[in-house]
Every structure is written in structure tokens, then in C-alpha cells.
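**Student:** Next up, final.cif (mmCIF, N, CA and C atoms).
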data_work
#
loop_
_atom_site.label_atom_id
_atom_site.label_comp_id
_atom_site.auth_asym_id
_atom_site.auth_seq_id
_atom_site.Cartn_x
_atom_site.Cartn_y
_atom_site.Cartn_z
N MET A 17 -9.45 -8.22 13.15
CA MET A 17 -8.95 -8.69 11.86
C MET A 17 -7.48 -9.04 11.99
N ASP A 18 -7.07 -10.07 11.27
CA ASP A 18 -5.65 -10.37 11.26
C ASP A 18 -4.98 -9.54 10.16
N TRP A 19 -3.65 -9.63 10.06
CA TRP A 19 -2.91 -8.76 9.15
C TRP A 19 -3.29 -9.01 7.70
N ARG A 20 -3.62 -10.23 7.34
CA ARG A 20 -4.01 -10.51 5.95
C ARG A 20 -5.35 -9.86 5.61
N GLN A 21 -6.27 -9.87 6.54
CA GLN A 21 -7.56 -9.23 6.33
C GLN A 21 -7.40 -7.71 6.23
N ILE A 22 -6.53 -7.16 7.06
CA ILE A 22 -6.26 -5.72 6.99
C ILE A 22 -5.64 -5.38 5.64
N LEU A 23 -4.67 -6.17 5.20
CA LEU A 23 -4.03 -5.93 3.91
C LEU A 23 -5.06 -5.97 2.78
N ALA A 24 -5.91 -6.97 2.77
CA ALA A 24 -6.95 -7.06 1.73
C ALA A 24 -7.90 -5.87 1.79
N SER A 25 -8.21 -5.40 3.00
CA SER A 25 -9.12 -4.25 3.13
C SER A 25 -8.50 -2.96 2.60
N LEU A 26 -7.18 -2.95 2.50
CA LEU A 26 -6.47 -1.76 1.99
C LEU A 26 -6.09 -1.88 0.51
N THR A 27 -6.20 -3.07 -0.06
CA THR A 27 -5.69 -3.29 -1.42
C THR A 27 -6.74 -3.89 -2.35
N THR A 28 -6.90 -5.19 -2.32
CA THR A 28 -7.77 -5.87 -3.28
C THR A 28 -9.24 -5.56 -3.08
N ALA A 29 -9.71 -5.41 -1.85
CA ALA A 29 -11.13 -5.15 -1.61
C ALA A 29 -11.59 -3.83 -2.22
N PRO A 30 -10.90 -2.70 -1.95
CA PRO A 30 -11.36 -1.46 -2.57
C PRO A 30 -11.19 -1.45 -4.09
N ALA A 31 -10.14 -2.07 -4.59
CA ALA A 31 -9.95 -2.13 -6.04
C ALA A 31 -11.11 -2.88 -6.69
N GLY A 32 -11.52 -3.97 -6.09
CA GLY A 32 -12.65 -4.72 -6.61
C GLY A 32 -13.96 -3.96 -6.49
N PHE A 33 -14.16 -3.28 -5.36
CA PHE A 33 -15.38 -2.51 -5.14
C PHE A 33 -15.56 -1.44 -6.20
N PHE A 34 -14.46 -0.80 -6.58
CA PHE A 34 -14.52 0.27 -7.58
C PHE A 34 -14.35 -0.24 -9.01
N GLY A 35 -14.39 -1.57 -9.18
CA GLY A 35 -14.33 -2.15 -10.51
C GLY A 35 -12.96 -2.08 -11.17
N GLU A 36 -11.91 -1.96 -10.36
CA GLU A 36 -10.55 -1.85 -10.89
C GLU A 36 -9.66 -3.00 -10.43
N GLY A 37 -10.27 -4.12 -10.07
CA GLY A 37 -9.53 -5.26 -9.55
C GLY A 37 -8.52 -5.84 -10.52
N SER A 38 -8.72 -5.65 -11.81
CA SER A 38 -7.75 -6.17 -12.78
C SER A 38 -6.57 -5.24 -12.96
N GLN A 39 -6.68 -4.00 -12.50
CA GLN A 39 -5.62 -3.01 -12.69
C GLN A 39 -4.95 -2.57 -11.38
N ARG A 40 -5.67 -2.64 -10.28
CA ARG A 40 -5.16 -2.11 -9.01
C ARG A 40 -5.30 -3.14 -7.90
N GLY A 41 -4.57 -2.92 -6.81
CA GLY A 41 -4.68 -3.78 -5.64
C GLY A 41 -3.79 -4.99 -5.67
N ARG A 42 -2.98 -5.14 -6.71
CA ARG A 42 -2.09 -6.30 -6.85
C ARG A 42 -0.74 -5.85 -7.39
N ILE A 43 0.26 -6.64 -7.14
CA ILE A 43 1.58 -6.41 -7.73
C ILE A 43 1.78 -7.48 -8.79
N GLU A 44 1.61 -7.07 -10.05
CA GLU A 44 1.78 -7.99 -11.16
C GLU A 44 1.95 -7.20 -12.45
N PRO A 45 2.53 -7.82 -13.48
CA PRO A 45 2.73 -7.12 -14.75
C PRO A 45 1.41 -6.56 -15.29
N GLY A 46 1.45 -5.32 -15.74
CA GLY A 46 0.28 -4.67 -16.31
C GLY A 46 -0.58 -3.93 -15.31
N ALA A 47 -0.35 -4.13 -14.02
CA ALA A 47 -1.13 -3.44 -12.99
C ALA A 47 -0.55 -2.04 -12.78
N VAL A 48 -1.41 -1.14 -12.31
CA VAL A 48 -0.98 0.21 -11.97
C VAL A 48 -0.05 0.11 -10.76
N ALA A 49 1.08 0.79 -10.82
CA ALA A 49 2.09 0.67 -9.76
C ALA A 49 1.81 1.66 -8.63
N ASP A 50 0.74 1.41 -7.87
CA ASP A 50 0.46 2.13 -6.64
C ASP A 50 0.97 1.26 -5.51
N LEU A 51 2.02 1.69 -4.86
CA LEU A 51 2.65 0.86 -3.83
C LEU A 51 2.93 1.65 -2.57
N VAL A 52 2.80 0.99 -1.44
CA VAL A 52 3.22 1.53 -0.16
C VAL A 52 4.24 0.54 0.40
N ILE A 53 5.41 1.05 0.71
CA ILE A 53 6.48 0.21 1.25
C ILE A 53 6.58 0.46 2.74
N LEU A 54 6.44 -0.60 3.50
CA LEU A 54 6.46 -0.50 4.96
C LEU A 54 7.85 -0.78 5.50
N GLY A 55 8.15 -0.21 6.64
CA GLY A 55 9.45 -0.41 7.27
C GLY A 55 9.54 -1.68 8.10
N THR A 56 8.40 -2.21 8.50
CA THR A 56 8.37 -3.45 9.27
C THR A 56 7.26 -4.35 8.73
N SER A 57 7.31 -5.59 9.09
CA SER A 57 6.36 -6.57 8.58
C SER A 57 5.05 -6.56 9.37
N PRO A 58 3.92 -6.40 8.70
CA PRO A 58 2.65 -6.47 9.41
C PRO A 58 2.31 -7.89 9.87
N GLU A 59 3.03 -8.87 9.34
CA GLU A 59 2.81 -10.26 9.77
C GLU A 59 3.14 -10.41 11.25
N GLN A 60 4.11 -9.65 11.72
CA GLN A 60 4.52 -9.73 13.12
C GLN A 60 3.69 -8.81 14.02
N ASP A 61 3.28 -7.66 13.46
CA ASP A 61 2.57 -6.66 14.26
C ASP A 61 1.74 -5.79 13.32
N ALA A 62 0.43 -5.82 13.47
CA ALA A 62 -0.47 -5.10 12.57
C ALA A 62 -0.25 -3.58 12.58
N THR A 63 0.38 -3.06 13.63
CA THR A 63 0.64 -1.62 13.65
C THR A 63 1.68 -1.23 12.60
N ALA A 64 2.34 -2.22 11.98
CA ALA A 64 3.32 -1.95 10.93
C ALA A 64 2.68 -1.25 9.73
N PHE A 65 1.37 -1.37 9.56
CA PHE A 65 0.70 -0.68 8.45
C PHE A 65 0.85 0.83 8.57
N ALA A 66 1.17 1.32 9.74
CA ALA A 66 1.41 2.75 9.94
C ALA A 66 2.87 3.13 9.75
N ASP A 67 3.74 2.16 9.54
CA ASP A 67 5.17 2.39 9.37
C ASP A 67 5.53 2.57 7.89
N VAL A 68 4.97 3.61 7.28
CA VAL A 68 5.15 3.87 5.85
C VAL A 68 6.52 4.50 5.60
N VAL A 69 7.31 3.89 4.72
CA VAL A 69 8.63 4.38 4.37
C VAL A 69 8.60 5.09 3.02
N HIS A 70 7.94 4.48 2.02
CA HIS A 70 7.83 5.07 0.68
C HIS A 70 6.43 4.83 0.14
N THR A 71 5.95 5.76 -0.68
CA THR A 71 4.67 5.60 -1.37
C THR A 71 4.86 5.99 -2.83
N LEU A 72 4.35 5.13 -3.72
CA LEU A 72 4.39 5.40 -5.16
C LEU A 72 2.97 5.39 -5.70
N ARG A 73 2.66 6.34 -6.58
CA ARG A 73 1.38 6.37 -7.28
C ARG A 73 1.68 6.29 -8.76
N ALA A 74 1.13 5.29 -9.42
CA ALA A 74 1.39 5.04 -10.85
C ALA A 74 2.89 4.98 -11.13
N GLY A 75 3.63 4.39 -10.20
CA GLY A 75 5.06 4.19 -10.37
C GLY A 75 5.92 5.39 -10.02
N GLU A 76 5.30 6.51 -9.69
CA GLU A 76 6.05 7.73 -9.34
C GLU A 76 6.07 7.93 -7.84
N PRO A 77 7.24 8.21 -7.26
CA PRO A 77 7.30 8.43 -5.81
C PRO A 77 6.54 9.70 -5.42
N ILE A 78 5.69 9.57 -4.39
CA ILE A 78 4.97 10.74 -3.89
C ILE A 78 5.28 11.00 -2.41
N TYR A 79 5.95 10.04 -1.76
CA TYR A 79 6.35 10.22 -0.37
C TYR A 79 7.55 9.36 -0.07
N SER A 80 8.50 9.91 0.67
CA SER A 80 9.63 9.16 1.18
C SER A 80 9.95 9.68 2.57
N ARG A 81 9.82 8.82 3.56
CA ARG A 81 10.11 9.22 4.94
C ARG A 81 11.55 9.67 5.08
N GLU A 82 12.49 8.98 4.40
CA GLU A 82 13.90 9.33 4.51
C GLU A 82 14.18 10.72 3.98
N ALA A 83 13.49 11.11 2.93
CA ALA A 83 13.71 12.43 2.34
C ALA A 83 13.00 13.52 3.13
N GLY A 84 12.15 13.11 4.06
CA GLY A 84 11.39 14.08 4.84
C GLY A 84 10.34 14.77 4.00
N ALA A 85 9.99 14.16 2.88
CA ALA A 85 9.01 14.77 1.98
C ALA A 85 7.61 14.58 2.51
N GLU A 86 6.78 15.53 2.25
CA GLU A 86 5.36 15.40 2.56
C GLU A 86 4.67 14.74 1.38
N PRO A 87 3.66 13.95 1.64
CA PRO A 87 2.91 13.34 0.53
C PRO A 87 2.33 14.41 -0.39
N SER A 88 2.41 14.18 -1.69
CA SER A 88 1.78 15.11 -2.63
C SER A 88 0.32 14.74 -2.77
N ARG A 89 -0.46 15.67 -3.19
CA ARG A 89 -1.91 15.42 -3.31
C ARG A 89 -2.36 15.54 -4.72
#
Mind turning the file's structure into C-alpha cells?

**Tutor:**
Amino acid sequence: MDWRQILASLTTAPAGFFGEGSQRGRIEPGAVADLVILGTSPEQDATAFADVVHTLRAGEPIYSREAGAEPSR
């Protein structure tokens, strides 16, 4: 799979499968703010998907590599 297919498999595909495609899996007004911020571009190297710097669930930070925080569950 190329990086775009991997991205879709992590975002829009599962959101659609679970019937939440209008609320999740996209960055747009009104969508739930579940975001993963990567440190490098997956366009250049697909292993960048493992380079997680920050994670937000519903707009709230749950992980920050810089802070050394562990992901909350």
C-alpha cells in the first residue's frame, strides 16, 4: 500500500465502516477532533506513521512525546 492508502485505512475507512464517516476520520468543521500529529511526512516514508508526536481525542491531548506522557486509556 502507498502512504495514501495507509492513511485512509487509519482514518476514513474505519470511520465509514462504523457508520461515523460524517463525524470522524476527517479534519473539517463539526467533526470530532481526534488527531494524531506526526513528526515526519508519510509522503516521503511510510514508517512516519509510527513517528507520533501528539495525539488528541475529542480535542483533548492524551499523548505528547515531548512531555514524556504515556497515552491515557

**Student:** Assuming the chain letters and numbering stay as they are in my file, what does the PyMOL selection byres (((chain A and resi 26-33 and name CA) around 12) and name CA) actually select? List them as number ranges by chain.

**Tutor:** A: 19-25, 34-43, 47-48, 50-52, 65

**Student:** Can you measure atom N of A:Pro77 to atom CA of A:Ala49 for me? One decimal in Å is fine.

**Tutor:**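 Atom CA of A:Ala49 lies 9.5 Å from atom N of A:Pro77.
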
**Student:** Running the PyMOL selection byres ((chain A and resi 69) around 6.5) on this model by hand, what would come out? Give it as a PDB file with N, CA and C atoms, keeping the file's coordinate frame.

**Tutor:**
ATOM      1  N   VAL A  52       2.800   0.990  -1.440  1.00  0.00           N
ATOM      2  CA  VAL A  52       3.220   1.530  -0.160  1.00  0.00           C
ATOM      3  C   VAL A  52       4.240   0.540   0.400  1.00  0.00           C
ATOM      4  N   ILE A  53       5.410   1.050   0.710  1.00  0.00           N
ATOM      5  CA  ILE A  53       6.480   0.210   1.250  1.00  0.00           C
ATOM      6  C   ILE A  53       6.580   0.460   2.740  1.00  0.00           C
ATOM      7  N   LEU A  54       6.440  -0.600   3.500  1.00  0.00           N
ATOM      8  CA  LEU A  54       6.460  -0.500   4.960  1.00  0.00           C
ATOM      9  C   LEU A  54       7.850  -0.780   5.500  1.00  0.00           C
ATOM     10  N   GLY A  55       8.150  -0.210   6.640  1.00  0.00           N
ATOM     11  CA  GLY A  55       9.450  -0.410   7.270  1.00  0.00           C
ATOM     12  C   GLY A  55       9.540  -1.680   8.100  1.00  0.00           C
ATOM     13  N   ASP A  67       3.740   2.160   9.540  1.00  0.00           N
ATOM     14  CA  ASP A  67       5.170   2.390   9.370  1.00  0.00           C
ATOM     15  C   ASP A  67       5.530   2.570   7.890  1.00  0.00           C
ATOM     16  N   VAL A  68       4.970   3.610   7.280  1.00  0.00           N
ATOM     17  CA  VAL A  68       5.150   3.870   5.850  1.00  0.00           C
ATOM     18  C   VAL A  68       6.520   4.500   5.600  1.00  0.00           C
ATOM     19  N   HIS A  70       7.940   4.480   2.020  1.00  0.00           N
ATOM     20  CA  HIS A  70       7.830   5.070   0.680  1.00  0.00           C
ATOM     21  C   HIS A  70       6.430   4.830   0.140  1.00  0.00           C
ATOM     22  N   THR A  71       5.950   5.760  -0.680  1.00  0.00           N
ATOM     23  CA  THR A  71       4.670   5.600  -1.370  1.00  0.00           C
ATOM     24  C   THR A  71       4.860   5.990  -2.830  1.00  0.00           C
ATOM     25  N   TYR A  79       5.950  10.040  -1.760  1.00  0.00           N
ATOM     26  CA  TYR A  79       6.350  10.220  -0.370  1.00  0.00           C
ATOM     27  C   TYR A  79       7.550   9.360  -0.070  1.00  0.00           C
ATOM     28  N   SER A  80       8.500   9.910   0.670  1.00  0.00           N
ATOM     29  CA  SER A  80       9.630   9.160   1.180  1.00  0.00           C
ATOM     30  C   SER A  80       9.950   9.680   2.570  1.00  0.00           C
ATOM     31  N   ARG A  81       9.820   8.820   3.560  1.00  0.00           N
ATOM     32  CA  ARG A  81      10.110   9.220   4.940  1.00  0.00           C
ATOM     33  C   ARG A  81      11.550   9.670   5.080  1.00  0.00           C
ATOM     34  N   GLU A  82      12.490   8.980   4.400  1.00  0.00           N
ATOM     35  CA  GLU A  82      13.900   9.330   4.510  1.00  0.00           C
ATOM     36  C   GLU A  82      14.180  10.720   3.980  1.00  0.00           C
TER      37      GLU A  82
END

**Student:** Quick check, in Å to one decimal: how far apart do atom N of A:Ile78 and atom N of A:Thr56 lie?

**Tutor:**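 Separating atom N of A:Ile78 from atom N of A:Thr56 is a distance of 17.7 Å.
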
**Student:** Which of chain A end up as alpha helix (DSSP H) when DSSP is run on this backbone - answer as number ranges by chain?

**Tutor:** A: 19-26, 28-33

**Student:** Rounded to one decimal, what separation in Å do you get between atom N of A:Gly75 and atom N of A:Thr63?

**Tutor:**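 Between atom N of A:Gly75 and atom N of A:Thr63 the gap is 25.2 Å.
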
**Student:** Would you return as a ChimeraX atom specification the members of chain A that DSSP assigns to strand (DSSP E) on this structure's backbone?

**Tutor:** /A:51-54,68-73,76-80
